[in-house]
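Asks: Submitted below is the structure of interest, expressed as structure tokens.
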Amino acid sequence: MQDAGPLLEMLRSICGDSAVLTGADMAGYASDWRDMFHGKPLCVLRPANTAEVAKSVVACVGAGVGIVPQGGNTGLAGGATPDDSGRQVVISLDRMTAIRRIDSIGMTVELEAGVILQTAKEAAAAENRLLPISLAAEGSARIGGLIATNAGGVDVLRYGMTRGLVLGLEVVLPDGQVLHRLRHLRKDNAGYDLKQLFIGSEGSLGIITAAVLRLVPLPRHRTTALISVPDIAAAVRLYARAQDDIGEALSAFELISGDGLALVATHMGQEAPVKGADWYLLIEAGSSLPGLRTAMETLMEAAFEEGWATDGVLAESEAQADGLWSLRESLTEAEGKAGGAIKHDLSVPIPEIADFLQETGKMLRSMVPEARLNIFGHLGDGNLHYNVMNVAKADSARVNTAVHDMVARYNGSISAEHGLGQYRTAEWARLATPPEHDLTHRIKRALDPMGVMNPGKVVPLHD
Ligand code: FAD
Ligand code: 2HG
Ligand code: ZN
């Protein structure tokens, strides 16, 4: 932009001098967690409250600059990284960190968008309640970012995606109006459910400033097992049996590959207590009622008898259970240390996962024989992180396209939980149907006619 001075002056007068970062102070906000996307923001703004966010939005729109909302900056799709034009302002919610109210009877929490997930979970646990969103980035990811991405994680099997936990939202709209719907209600059918538009919209329709989320009772007991399985077909059979035997107490059913555990051993120094297999399952159940351990033991016995499991450990203590989870949660970091991957966050119907993996693996072996796979994820949700390592840059687009085409053939999704951001927008545009394009652009234009809100994210700029 020609002269950023007047806008910076205005933003300083709205939020205070120290809330407007420029130059080297912007470093932590200008790139993503994977160091894959790099932007050059005009400035980074750190408002302290909703009124400051709203006034700042009006100022940015008046100056004709784009706005990139940012939470904990842990997103894996580049949605929170600005472009390199120097004409986008990052609005970080990291100073809006109040937990306003926990209602342990109505089982709700009202909190600002910048609260870190782990902090919110600790506050809920102190009231004997659980905020059931769990992911490896929970020490950094913030409530606004989790809602804006409709985050998944390892609790989805039992509690659903973030969307299902959102009871109320406060959102600053692209024209500066504030949509104030912070209701603590489980039932509210009065008109369109407007908040749904913003959940999963990755900052492309408005800025979430506060939310009311549903809590659940904090389970008193949990039981956790790491089991090696002979193949994916056996893992899927075991999943069906676990649903029958453990029912609604089944909270996580995670797939890890032997290659993934090897990465964690090499790069994170963590050894798994079960070894020598191609595939492993991390299974957890939680409940306020006792008897889970017996149910898990019975499940494991059945799995050995049926030939669906080859070895396994059942955690004897909370510390051992945490150790098993640490293996699972270290996969992303270990992969990064090993050189990174072409990431795919896909979902396919659960009964077809074994065929999908076999067919896609065969295809990749013939395309790029040197490729290595780090496949893991939420098998119980049909969601796999199909990460392809050791691929030359020149081949990466070809690999990405081929995997996504296969996902489309299985009637799956190319983004099960991480969103489109800027990483998958072009692929979404390639694979979406004409009515999906049409509706998406109409929604974007209706809410953000000037195209100021996170330009180029989710909705392609030129389509
Ligand atoms: P950011 O990265 O800051 O932003 C993400 C998107 O939301 C951007 O488009 C941004 O513009 C928008 N946004 C942020 N705040 C707001 C707001 N207040 N209003 C409007 N828009 C906003 N994700 C999963 O779903 N499941 C997992 O299991 C999982 N595991 C992960 C493990 C690791 C190690 C890492 C690094 C990431 C993982 N993620 C996972 C991805 C990431 O943690 C989630 O997408 C998370 O929801 C992002 O939250 P954030 O606050 O960091 O958002
Ligand atoms: C997980 O399930 C996250 O651990 C990250 O969604 C996935 O790194 C990935 O590909
Ligand atoms: Zn995941």
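By convention here, the chains of the structure tokens are called A, B, ... in the order presented, each chain's residues are numbered starting at 1, and ligands are numbered starting at 1 in the order presented.
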Could you list, as a PDB file with C-alpha atoms, in the first residue's frame, all residues that come within 6 Å of ligand 1? Count only C-alpha atoms and all ligand atoms.
Replies:
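Result file is pocket-v1.pdb:
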```
ATOM      1  CA  VAL A  68      -6.125 -12.361   8.728  1.00  0.00           C
ATOM      2  CA  PRO A  69      -7.507 -13.568  12.070  1.00  0.00           C
ATOM      3  CA  GLN A  70      -5.052 -15.598  14.123  1.00  0.00           C
ATOM      4  CA  GLY A  71      -5.316 -17.705  17.275  1.00  0.00           C
ATOM      5  CA  GLY A  72      -2.510 -19.982  18.448  1.00  0.00           C
ATOM      6  CA  ASN A  73      -1.041 -20.252  14.928  1.00  0.00           C
ATOM      7  CA  THR A  74      -0.943 -24.063  15.101  1.00  0.00           C
ATOM      8  CA  GLY A  75      -3.160 -24.618  12.054  1.00  0.00           C
ATOM      9  CA  LEU A  76      -1.866 -27.130   9.506  1.00  0.00           C
ATOM     10  CA  GLY A  79      -5.052 -20.364   7.137  1.00  0.00           C
ATOM     11  CA  ALA A  80      -3.561 -17.971   9.689  1.00  0.00           C
ATOM     12  CA  LEU A  93      -6.750 -12.790  19.577  1.00  0.00           C
ATOM     13  CA  ALA A 113     -11.447 -16.479  21.745  1.00  0.00           C
ATOM     14  CA  LEU A 135      -5.152 -32.661  20.261  1.00  0.00           C
ATOM     15  CA  ALA A 136      -1.375 -32.560  20.431  1.00  0.00           C
ATOM     16  CA  ALA A 137      -1.362 -28.771  19.923  1.00  0.00           C
ATOM     17  CA  ALA A 141      -4.217 -23.730  20.043  1.00  0.00           C
ATOM     18  CA  ARG A 142      -6.821 -21.141  21.069  1.00  0.00           C
ATOM     19  CA  GLY A 144     -11.269 -19.048  18.386  1.00  0.00           C
ATOM     20  CA  GLY A 145      -8.921 -21.039  16.159  1.00  0.00           C
ATOM     21  CA  LEU A 146     -10.439 -24.349  17.236  1.00  0.00           C
ATOM     22  CA  ALA A 148     -12.804 -21.408  13.177  1.00  0.00           C
ATOM     23  CA  THR A 149     -11.309 -24.717  11.983  1.00  0.00           C
ATOM     24  CA  ALA A 151     -11.169 -28.867  15.036  1.00  0.00           C
ATOM     25  CA  GLY A 152     -11.307 -32.626  15.418  1.00  0.00           C
ATOM     26  CA  GLY A 153      -8.722 -34.525  17.449  1.00  0.00           C
ATOM     27  CA  GLU A 202     -11.362 -20.391   8.937  1.00  0.00           C
ATOM     28  CA  GLY A 203     -11.663 -16.654   9.479  1.00  0.00           C
ATOM     29  CA  GLY A 206     -15.793 -12.936  10.492  1.00  0.00           C
ATOM     30  CA  ILE A 207     -13.698 -12.825  13.644  1.00  0.00           C
ATOM     31  CA  ILE A 208     -14.838 -14.958  16.572  1.00  0.00           C
ATOM     32  CA  THR A 209     -14.258 -13.019  19.784  1.00  0.00           C
ATOM     33  CA  THR A 332       3.702 -34.850  13.793  1.00  0.00           C
ATOM     34  CA  GLU A 417     -10.438 -31.876  10.186  1.00  0.00           C
ATOM     35  CA  HIS A 418      -7.631 -29.426   9.342  1.00  0.00           C
ATOM     36  CA  GLY A 421      -6.640 -22.709   4.569  1.00  0.00           C
TER      37      GLY A 421
END
```
Asks: Using only C-alpha atoms and all ligand atoms, find each protein or nucleic acid residue lying at most 10 Å from ligand 2; present the set as a PyMOL selection string.
Replies: chain A and resi 34+75-76+134-137+151-154+254-255+328-336+340-346+374-378+383-388+416-418
Asks: Go ahead and save the picked residues with N, CA and C atoms, as a short mmCIF file (atom, residue, chain, number, x, y, z; two decimals), in the first residue's frame.
Replies:
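Final file, out_32.cif:
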```
data_model
loop_
_atom_site.label_atom_id
_atom_site.label_comp_id
_atom_site.auth_asym_id
_atom_site.auth_seq_id
_atom_site.Cartn_x
_atom_site.Cartn_y
_atom_site.Cartn_z
N ARG A 34 4.46 -25.16 10.69
CA ARG A 34 5.36 -26.05 9.95
C ARG A 34 6.48 -25.30 9.23
N GLY A 75 -2.40 -24.02 13.16
CA GLY A 75 -3.16 -24.62 12.05
C GLY A 75 -2.22 -25.30 11.05
N LEU A 76 -2.71 -26.35 10.42
CA LEU A 76 -1.87 -27.13 9.51
C LEU A 76 -2.24 -26.89 8.05
N SER A 134 -9.40 -32.73 22.30
CA SER A 134 -8.04 -33.12 22.66
C SER A 134 -7.20 -33.26 21.41
N LEU A 135 -6.09 -32.53 21.38
CA LEU A 135 -5.15 -32.66 20.26
C LEU A 135 -3.75 -32.29 20.75
N ALA A 136 -2.76 -32.73 19.98
CA ALA A 136 -1.38 -32.56 20.43
C ALA A 136 -0.99 -31.09 20.57
N ALA A 137 -1.70 -30.19 19.86
CA ALA A 137 -1.36 -28.77 19.92
C ALA A 137 -2.15 -28.04 21.00
N ALA A 151 -12.22 -27.88 14.78
CA ALA A 151 -11.17 -28.87 15.04
C ALA A 151 -11.73 -30.23 15.42
N GLY A 152 -10.96 -31.25 15.06
CA GLY A 152 -11.31 -32.63 15.42
C GLY A 152 -10.46 -33.06 16.61
N GLY A 153 -9.58 -34.03 16.37
CA GLY A 153 -8.72 -34.53 17.45
C GLY A 153 -9.13 -35.91 17.88
N VAL A 154 -8.64 -36.33 19.05
CA VAL A 154 -8.79 -37.73 19.44
C VAL A 154 -10.05 -38.02 20.27
N GLU A 254 -7.29 -44.98 17.70
CA GLU A 254 -6.28 -44.32 16.87
C GLU A 254 -5.38 -45.34 16.19
N LEU A 255 -5.06 -45.08 14.93
CA LEU A 255 -4.16 -45.94 14.17
C LEU A 255 -2.76 -45.32 14.11
N ARG A 328 1.76 -41.29 20.38
CA ARG A 328 0.81 -40.87 19.36
C ARG A 328 0.94 -39.37 19.06
N GLU A 329 1.09 -38.60 20.14
CA GLU A 329 1.08 -37.14 19.96
C GLU A 329 2.41 -36.62 19.42
N SER A 330 3.43 -37.46 19.41
CA SER A 330 4.74 -37.01 18.92
C SER A 330 4.92 -37.26 17.42
N LEU A 331 3.95 -37.89 16.79
CA LEU A 331 4.13 -38.29 15.39
C LEU A 331 4.35 -37.08 14.47
N THR A 332 3.59 -36.02 14.68
CA THR A 332 3.70 -34.85 13.79
C THR A 332 5.08 -34.21 13.94
N GLU A 333 5.51 -34.05 15.19
CA GLU A 333 6.81 -33.41 15.43
C GLU A 333 7.95 -34.29 14.88
N ALA A 334 7.83 -35.59 15.11
CA ALA A 334 8.88 -36.51 14.62
C ALA A 334 8.97 -36.44 13.09
N GLU A 335 7.81 -36.39 12.46
CA GLU A 335 7.78 -36.29 10.99
C GLU A 335 8.46 -35.00 10.52
N GLY A 336 8.19 -33.91 11.23
CA GLY A 336 8.83 -32.63 10.89
C GLY A 336 10.34 -32.73 11.01
N GLY A 340 9.75 -33.58 7.11
CA GLY A 340 8.42 -33.14 6.69
C GLY A 340 7.78 -34.09 5.67
N ALA A 341 6.58 -33.72 5.25
CA ALA A 341 5.81 -34.61 4.38
C ALA A 341 4.82 -33.81 3.55
N ILE A 342 4.35 -34.44 2.49
CA ILE A 342 3.16 -33.91 1.80
C ILE A 342 1.99 -34.42 2.62
N LYS A 343 1.27 -33.50 3.24
CA LYS A 343 0.24 -33.92 4.20
C LYS A 343 -1.11 -34.09 3.52
N HIS A 344 -1.77 -35.17 3.87
CA HIS A 344 -3.16 -35.38 3.44
C HIS A 344 -3.98 -35.66 4.67
N ASP A 345 -5.08 -34.94 4.81
CA ASP A 345 -5.96 -35.08 5.98
C ASP A 345 -7.29 -35.59 5.46
N LEU A 346 -7.36 -36.89 5.21
CA LEU A 346 -8.50 -37.39 4.45
C LEU A 346 -9.44 -38.25 5.30
N ASN A 374 3.97 -41.97 6.31
CA ASN A 374 3.70 -41.85 7.75
C ASN A 374 2.19 -41.72 7.88
N ILE A 375 1.54 -42.88 8.02
CA ILE A 375 0.07 -42.91 8.05
C ILE A 375 -0.37 -43.11 9.49
N PHE A 376 -1.22 -42.22 9.97
CA PHE A 376 -1.77 -42.38 11.32
C PHE A 376 -3.07 -41.60 11.38
N GLY A 377 -3.74 -41.74 12.51
CA GLY A 377 -4.94 -40.91 12.66
C GLY A 377 -6.08 -41.61 13.34
N HIS A 378 -7.24 -41.01 13.09
CA HIS A 378 -8.42 -41.30 13.88
C HIS A 378 -9.24 -42.36 13.14
N ASN A 383 -10.81 -41.09 9.61
CA ASN A 383 -9.93 -39.95 9.27
C ASN A 383 -8.47 -40.35 9.41
N LEU A 384 -7.76 -40.36 8.27
CA LEU A 384 -6.35 -40.72 8.30
C LEU A 384 -5.47 -39.55 7.89
N HIS A 385 -4.33 -39.41 8.55
CA HIS A 385 -3.31 -38.46 8.11
C HIS A 385 -2.36 -39.26 7.23
N TYR A 386 -2.53 -39.10 5.92
CA TYR A 386 -1.80 -39.89 4.94
C TYR A 386 -0.64 -39.04 4.45
N ASN A 387 0.45 -39.10 5.23
CA ASN A 387 1.56 -38.17 4.99
C ASN A 387 2.67 -38.88 4.21
N VAL A 388 3.02 -38.28 3.07
CA VAL A 388 3.98 -38.91 2.16
C VAL A 388 5.32 -38.19 2.27
N ALA A 416 -10.56 -33.72 6.36
CA ALA A 416 -11.46 -34.24 7.39
C ALA A 416 -11.55 -33.31 8.58
N GLU A 417 -10.40 -32.69 8.96
CA GLU A 417 -10.44 -31.88 10.19
C GLU A 417 -9.55 -30.64 10.15
N HIS A 418 -8.56 -30.56 9.28
CA HIS A 418 -7.63 -29.43 9.34
C HIS A 418 -8.10 -28.22 8.56
#
```
Asks: Please provide as a list in words all residues within 7 Å of region 364-373 of chain A, with the sequence filter that same-chain residues fewer than 3 positions apart are discarded (counting only C-alpha atoms).
Replies: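 So, after excluding close chain neighbours, the residues are Thr360, Gly361, Asn387, Val388, Met389, Asn390 and Val391 of chain A.
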Asks: Which residues are close to Gln320 (chain A), i.e. within 10 Å by only C-alpha atoms, leaving aside same-chain residues fewer than 6 positions away? Reply as a list of chain:residue names.
Replies: A:Thr224, A:Ala225, A:Val313, A:Leu314, A:Ser326
Asks: Which residues are close to region 96-103 of chain A, i.e. within 7 Å by only C-alpha atoms, leaving aside same-chain residues fewer than 4 positions away? Reply as an MDAnalysis selection string.
Replies: chainID A and resid 48:49 107:115
Asks: Looking at A:Pro290, A:Gly382, A:Gly16, A:Pro230, which one is nearest to ligand 3, with distances taken over only C-alpha atoms and all ligand atoms?
Replies: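 Between A:Pro290, A:Gly382, A:Gly16, A:Pro230, the residue approaching ligand 3 most closely is A:Gly382.
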Asks: Please list as a PDB file with all heavy atoms, in the first residue's frame every residue within 12 Å of Ala432 (chain A), counting only C-alpha atoms and excluding residues in the same chain fewer than 3 positions away.
Replies:
```
ATOM      1  N   HIS A 404      -5.568 -37.262  -3.743  1.00  0.00           N
ATOM      2  CA  HIS A 404      -6.895 -36.649  -3.648  1.00  0.00           C
ATOM      3  C   HIS A 404      -7.877 -37.255  -4.668  1.00  0.00           C
ATOM      4  O   HIS A 404      -9.063 -37.418  -4.371  1.00  0.00           O
ATOM      5  CB  HIS A 404      -6.802 -35.132  -3.833  1.00  0.00           C
ATOM      6  CG  HIS A 404      -6.256 -34.438  -2.616  1.00  0.00           C
ATOM      7  ND1 HIS A 404      -5.805 -33.147  -2.627  1.00  0.00           N
ATOM      8  CD2 HIS A 404      -6.095 -34.876  -1.341  1.00  0.00           C
ATOM      9  CE1 HIS A 404      -5.383 -32.811  -1.418  1.00  0.00           C
ATOM     10  NE2 HIS A 404      -5.553 -33.846  -0.622  1.00  0.00           N
ATOM     11  N   ASP A 405      -7.380 -37.582  -5.847  1.00  0.00           N
ATOM     12  CA  ASP A 405      -8.261 -38.231  -6.832  1.00  0.00           C
ATOM     13  C   ASP A 405      -8.760 -39.575  -6.290  1.00  0.00           C
ATOM     14  O   ASP A 405      -9.913 -39.954  -6.491  1.00  0.00           O
ATOM     15  CB  ASP A 405      -7.521 -38.447  -8.159  1.00  0.00           C
ATOM     16  CG  ASP A 405      -7.393 -37.149  -8.952  1.00  0.00           C
ATOM     17  OD1 ASP A 405      -8.063 -36.164  -8.580  1.00  0.00           O
ATOM     18  OD2 ASP A 405      -6.620 -37.121  -9.928  1.00  0.00           O
ATOM     19  N   ALA A 408     -11.414 -38.983  -3.791  1.00  0.00           N
ATOM     20  CA  ALA A 408     -12.679 -38.655  -4.466  1.00  0.00           C
ATOM     21  C   ALA A 408     -13.349 -39.932  -4.981  1.00  0.00           C
ATOM     22  O   ALA A 408     -14.574 -40.083  -4.890  1.00  0.00           O
ATOM     23  CB  ALA A 408     -12.412 -37.675  -5.611  1.00  0.00           C
ATOM     24  N   ASN A 411     -15.356 -41.516  -2.508  1.00  0.00           N
ATOM     25  CA  ASN A 411     -16.375 -40.618  -1.975  1.00  0.00           C
ATOM     26  C   ASN A 411     -15.977 -40.093  -0.588  1.00  0.00           C
ATOM     27  O   ASN A 411     -16.790 -40.005   0.331  1.00  0.00           O
ATOM     28  CB  ASN A 411     -17.738 -41.321  -1.912  1.00  0.00           C
ATOM     29  CG  ASN A 411     -18.882 -40.337  -1.957  1.00  0.00           C
ATOM     30  OD1 ASN A 411     -18.672 -39.149  -2.253  1.00  0.00           O
ATOM     31  ND2 ASN A 411     -20.075 -40.798  -1.621  1.00  0.00           N
ATOM     32  N   SER A 413     -13.326 -37.253   1.827  1.00  0.00           N
ATOM     33  CA  SER A 413     -13.085 -35.814   1.944  1.00  0.00           C
ATOM     34  C   SER A 413     -11.587 -35.548   1.942  1.00  0.00           C
ATOM     35  O   SER A 413     -10.823 -36.286   2.570  1.00  0.00           O
ATOM     36  CB  SER A 413     -13.685 -35.282   3.247  1.00  0.00           C
ATOM     37  OG  SER A 413     -13.229 -33.956   3.467  1.00  0.00           O
ATOM     38  N   ILE A 414     -11.168 -34.458   1.254  1.00  0.00           N
ATOM     39  CA  ILE A 414      -9.737 -34.113   1.232  1.00  0.00           C
ATOM     40  C   ILE A 414      -9.358 -33.263   2.441  1.00  0.00           C
ATOM     41  O   ILE A 414      -8.206 -32.909   2.607  1.00  0.00           O
ATOM     42  CB  ILE A 414      -9.318 -33.395  -0.070  1.00  0.00           C
ATOM     43  CG1 ILE A 414     -10.036 -32.048  -0.203  1.00  0.00           C
ATOM     44  CG2 ILE A 414      -9.559 -34.295  -1.280  1.00  0.00           C
ATOM     45  CD1 ILE A 414      -9.345 -31.093  -1.165  1.00  0.00           C
ATOM     46  N   ARG A 424      -5.068 -26.234   0.787  1.00  0.00           N
ATOM     47  CA  ARG A 424      -5.933 -27.134   0.010  1.00  0.00           C
ATOM     48  C   ARG A 424      -6.989 -26.411  -0.811  1.00  0.00           C
ATOM     49  O   ARG A 424      -7.871 -27.045  -1.375  1.00  0.00           O
ATOM     50  CB  ARG A 424      -6.651 -28.119   0.952  1.00  0.00           C
ATOM     51  CG  ARG A 424      -5.716 -28.984   1.733  1.00  0.00           C
ATOM     52  CD  ARG A 424      -6.410 -30.091   2.487  1.00  0.00           C
ATOM     53  NE  ARG A 424      -5.413 -30.875   3.167  1.00  0.00           N
ATOM     54  CZ  ARG A 424      -4.959 -30.610   4.382  1.00  0.00           C
ATOM     55  NH1 ARG A 424      -5.462 -29.610   5.068  1.00  0.00           N
ATOM     56  NH2 ARG A 424      -4.006 -31.348   4.922  1.00  0.00           N
ATOM     57  N   THR A 425      -6.928 -25.079  -0.861  1.00  0.00           N
ATOM     58  CA  THR A 425      -7.999 -24.341  -1.536  1.00  0.00           C
ATOM     59  C   THR A 425      -8.082 -24.705  -3.026  1.00  0.00           C
ATOM     60  O   THR A 425      -9.176 -24.920  -3.560  1.00  0.00           O
ATOM     61  CB  THR A 425      -7.762 -22.827  -1.358  1.00  0.00           C
ATOM     62  OG1 THR A 425      -7.698 -22.582   0.043  1.00  0.00           O
ATOM     63  CG2 THR A 425      -8.891 -22.015  -1.931  1.00  0.00           C
ATOM     64  N   ALA A 426      -6.920 -24.786  -3.674  1.00  0.00           N
ATOM     65  CA  ALA A 426      -6.938 -25.088  -5.112  1.00  0.00           C
ATOM     66  C   ALA A 426      -7.468 -26.505  -5.352  1.00  0.00           C
ATOM     67  O   ALA A 426      -8.210 -26.740  -6.322  1.00  0.00           O
ATOM     68  CB  ALA A 426      -5.534 -24.948  -5.692  1.00  0.00           C
ATOM     69  N   GLU A 427      -7.119 -27.423  -4.482  1.00  0.00           N
ATOM     70  CA  GLU A 427      -7.601 -28.797  -4.636  1.00  0.00           C
ATOM     71  C   GLU A 427      -9.104 -28.872  -4.395  1.00  0.00           C
ATOM     72  O   GLU A 427      -9.821 -29.616  -5.055  1.00  0.00           O
ATOM     73  CB  GLU A 427      -6.853 -29.736  -3.676  1.00  0.00           C
ATOM     74  CG  GLU A 427      -5.493 -30.162  -4.191  1.00  0.00           C
ATOM     75  CD  GLU A 427      -5.598 -31.020  -5.442  1.00  0.00           C
ATOM     76  OE1 GLU A 427      -5.591 -30.442  -6.544  1.00  0.00           O
ATOM     77  OE2 GLU A 427      -5.704 -32.255  -5.316  1.00  0.00           O
ATOM     78  N   TRP A 428      -9.583 -28.088  -3.416  1.00  0.00           N
ATOM     79  CA  TRP A 428     -11.034 -28.029  -3.206  1.00  0.00           C
ATOM     80  C   TRP A 428     -11.700 -27.523  -4.487  1.00  0.00           C
ATOM     81  O   TRP A 428     -12.684 -28.105  -4.980  1.00  0.00           O
ATOM     82  CB  TRP A 428     -11.394 -27.108  -2.030  1.00  0.00           C
ATOM     83  CG  TRP A 428     -12.878 -26.934  -1.910  1.00  0.00           C
ATOM     84  CD1 TRP A 428     -13.755 -27.759  -1.280  1.00  0.00           C
ATOM     85  CD2 TRP A 428     -13.662 -25.886  -2.519  1.00  0.00           C
ATOM     86  NE1 TRP A 428     -15.042 -27.299  -1.442  1.00  0.00           N
ATOM     87  CE2 TRP A 428     -15.022 -26.150  -2.193  1.00  0.00           C
ATOM     88  CE3 TRP A 428     -13.366 -24.762  -3.284  1.00  0.00           C
ATOM     89  CZ2 TRP A 428     -16.053 -25.314  -2.613  1.00  0.00           C
ATOM     90  CZ3 TRP A 428     -14.403 -23.939  -3.703  1.00  0.00           C
ATOM     91  CH2 TRP A 428     -15.733 -24.225  -3.371  1.00  0.00           C
ATOM     92  N   ALA A 429     -11.130 -26.451  -5.052  1.00  0.00           N
ATOM     93  CA  ALA A 429     -11.724 -25.849  -6.258  1.00  0.00           C
ATOM     94  C   ALA A 429     -11.739 -26.853  -7.412  1.00  0.00           C
ATOM     95  O   ALA A 429     -12.683 -26.914  -8.196  1.00  0.00           O
ATOM     96  CB  ALA A 429     -10.942 -24.603  -6.647  1.00  0.00           C
ATOM     97  N   PRO A 435     -22.514 -26.721  -8.078  1.00  0.00           N
ATOM     98  CA  PRO A 435     -23.368 -26.120  -7.042  1.00  0.00           C
ATOM     99  C   PRO A 435     -22.590 -25.781  -5.761  1.00  0.00           C
ATOM    100  O   PRO A 435     -22.902 -24.802  -5.083  1.00  0.00           O
ATOM    101  CB  PRO A 435     -24.412 -27.213  -6.751  1.00  0.00           C
ATOM    102  CG  PRO A 435     -24.396 -28.098  -7.933  1.00  0.00           C
ATOM    103  CD  PRO A 435     -23.011 -28.041  -8.499  1.00  0.00           C
ATOM    104  N   GLU A 436     -21.567 -26.583  -5.457  1.00  0.00           N
ATOM    105  CA  GLU A 436     -20.761 -26.269  -4.269  1.00  0.00           C
ATOM    106  C   GLU A 436     -19.983 -24.963  -4.478  1.00  0.00           C
ATOM    107  O   GLU A 436     -19.908 -24.121  -3.581  1.00  0.00           O
ATOM    108  CB  GLU A 436     -19.792 -27.422  -3.963  1.00  0.00           C
ATOM    109  CG  GLU A 436     -20.488 -28.634  -3.358  1.00  0.00           C
ATOM    110  CD  GLU A 436     -19.627 -29.893  -3.315  1.00  0.00           C
ATOM    111  OE1 GLU A 436     -18.653 -30.011  -4.093  1.00  0.00           O
ATOM    112  OE2 GLU A 436     -19.952 -30.780  -2.518  1.00  0.00           O
ATOM    113  N   HIS A 437     -19.418 -24.794  -5.682  1.00  0.00           N
ATOM    114  CA  HIS A 437     -18.726 -23.529  -5.997  1.00  0.00           C
ATOM    115  C   HIS A 437     -19.685 -22.361  -5.860  1.00  0.00           C
ATOM    116  O   HIS A 437     -19.379 -21.358  -5.224  1.00  0.00           O
ATOM    117  CB  HIS A 437     -18.199 -23.553  -7.435  1.00  0.00           C
ATOM    118  CG  HIS A 437     -16.898 -24.264  -7.585  1.00  0.00           C
ATOM    119  ND1 HIS A 437     -15.699 -23.609  -7.608  1.00  0.00           N
ATOM    120  CD2 HIS A 437     -16.607 -25.569  -7.715  1.00  0.00           C
ATOM    121  CE1 HIS A 437     -14.713 -24.490  -7.746  1.00  0.00           C
ATOM    122  NE2 HIS A 437     -15.255 -25.701  -7.820  1.00  0.00           N
ATOM    123  N   ASP A 438     -20.841 -22.530  -6.492  1.00  0.00           N
ATOM    124  CA  ASP A 438     -21.806 -21.438  -6.560  1.00  0.00           C
ATOM    125  C   ASP A 438     -22.247 -20.999  -5.158  1.00  0.00           C
ATOM    126  O   ASP A 438     -22.191 -19.825  -4.805  1.00  0.00           O
ATOM    127  CB  ASP A 438     -23.011 -21.928  -7.393  1.00  0.00           C
ATOM    128  CG  ASP A 438     -24.041 -20.842  -7.558  1.00  0.00           C
ATOM    129  OD1 ASP A 438     -23.627 -19.687  -7.778  1.00  0.00           O
ATOM    130  OD2 ASP A 438     -25.248 -21.139  -7.436  1.00  0.00           O
ATOM    131  N   LEU A 439     -22.652 -21.977  -4.342  1.00  0.00           N
ATOM    132  CA  LEU A 439     -23.127 -21.648  -2.990  1.00  0.00           C
ATOM    133  C   LEU A 439     -22.022 -21.033  -2.137  1.00  0.00           C
ATOM    134  O   LEU A 439     -22.249 -20.074  -1.396  1.00  0.00           O
ATOM    135  CB  LEU A 439     -23.610 -22.921  -2.291  1.00  0.00           C
ATOM    136  CG  LEU A 439     -25.102 -23.168  -2.253  1.00  0.00           C
ATOM    137  CD1 LEU A 439     -25.398 -24.428  -1.448  1.00  0.00           C
ATOM    138  CD2 LEU A 439     -25.831 -21.970  -1.632  1.00  0.00           C
ATOM    139  N   THR A 440     -20.819 -21.607  -2.248  1.00  0.00           N
ATOM    140  CA  THR A 440     -19.702 -21.104  -1.445  1.00  0.00           C
ATOM    141  C   THR A 440     -19.432 -19.635  -1.770  1.00  0.00           C
ATOM    142  O   THR A 440     -19.285 -18.791  -0.873  1.00  0.00           O
ATOM    143  CB  THR A 440     -18.436 -21.958  -1.710  1.00  0.00           C
ATOM    144  OG1 THR A 440     -18.730 -23.307  -1.336  1.00  0.00           O
ATOM    145  CG2 THR A 440     -17.245 -21.464  -0.918  1.00  0.00           C
ATOM    146  N   VAL A 459     -12.037 -19.886   0.289  1.00  0.00           N
ATOM    147  CA  VAL A 459     -12.674 -19.556  -0.988  1.00  0.00           C
ATOM    148  C   VAL A 459     -11.576 -19.030  -1.925  1.00  0.00           C
ATOM    149  O   VAL A 459     -10.926 -18.032  -1.616  1.00  0.00           O
ATOM    150  CB  VAL A 459     -13.735 -18.452  -0.793  1.00  0.00           C
ATOM    151  CG1 VAL A 459     -14.504 -18.216  -2.084  1.00  0.00           C
ATOM    152  CG2 VAL A 459     -14.679 -18.824   0.346  1.00  0.00           C
ATOM    153  N   PRO A 460     -11.364 -19.698  -3.058  1.00  0.00           N
ATOM    154  CA  PRO A 460     -10.292 -19.251  -3.954  1.00  0.00           C
ATOM    155  C   PRO A 460     -10.534 -17.815  -4.431  1.00  0.00           C
ATOM    156  O   PRO A 460     -11.683 -17.406  -4.640  1.00  0.00           O
ATOM    157  CB  PRO A 460     -10.386 -20.219  -5.130  1.00  0.00           C
ATOM    158  CG  PRO A 460     -11.240 -21.350  -4.668  1.00  0.00           C
ATOM    159  CD  PRO A 460     -12.089 -20.854  -3.561  1.00  0.00           C
ATOM    160  N   ASP A 463     -11.719 -18.038  -9.372  1.00  0.00           N
ATOM    161  CA  ASP A 463     -12.313 -19.367  -9.497  1.00  0.00           C
ATOM    162  C   ASP A 463     -13.154 -19.416 -10.757  1.00  0.00           C
ATOM    163  O   ASP A 463     -13.926 -18.517 -11.008  1.00  0.00           O
ATOM    164  CB  ASP A 463     -13.161 -19.607  -8.246  1.00  0.00           C
ATOM    165  CG  ASP A 463     -13.500 -21.074  -8.095  1.00  0.00           C
ATOM    166  OD1 ASP A 463     -12.979 -21.873  -8.871  1.00  0.00           O
ATOM    167  OD2 ASP A 463     -14.280 -21.398  -7.200  1.00  0.00           O
TER     168      ASP A 463
END
```
Asks: Ranking A:Val229, A:Ile133, A:Leu289, A:Ile14 by minimum distance to ligand 3 and counting only C-alpha atoms and all ligand atoms, which one comes first?
Replies: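 The shortest atom-to-atom distance to ligand 3 comes from A:Ile133.
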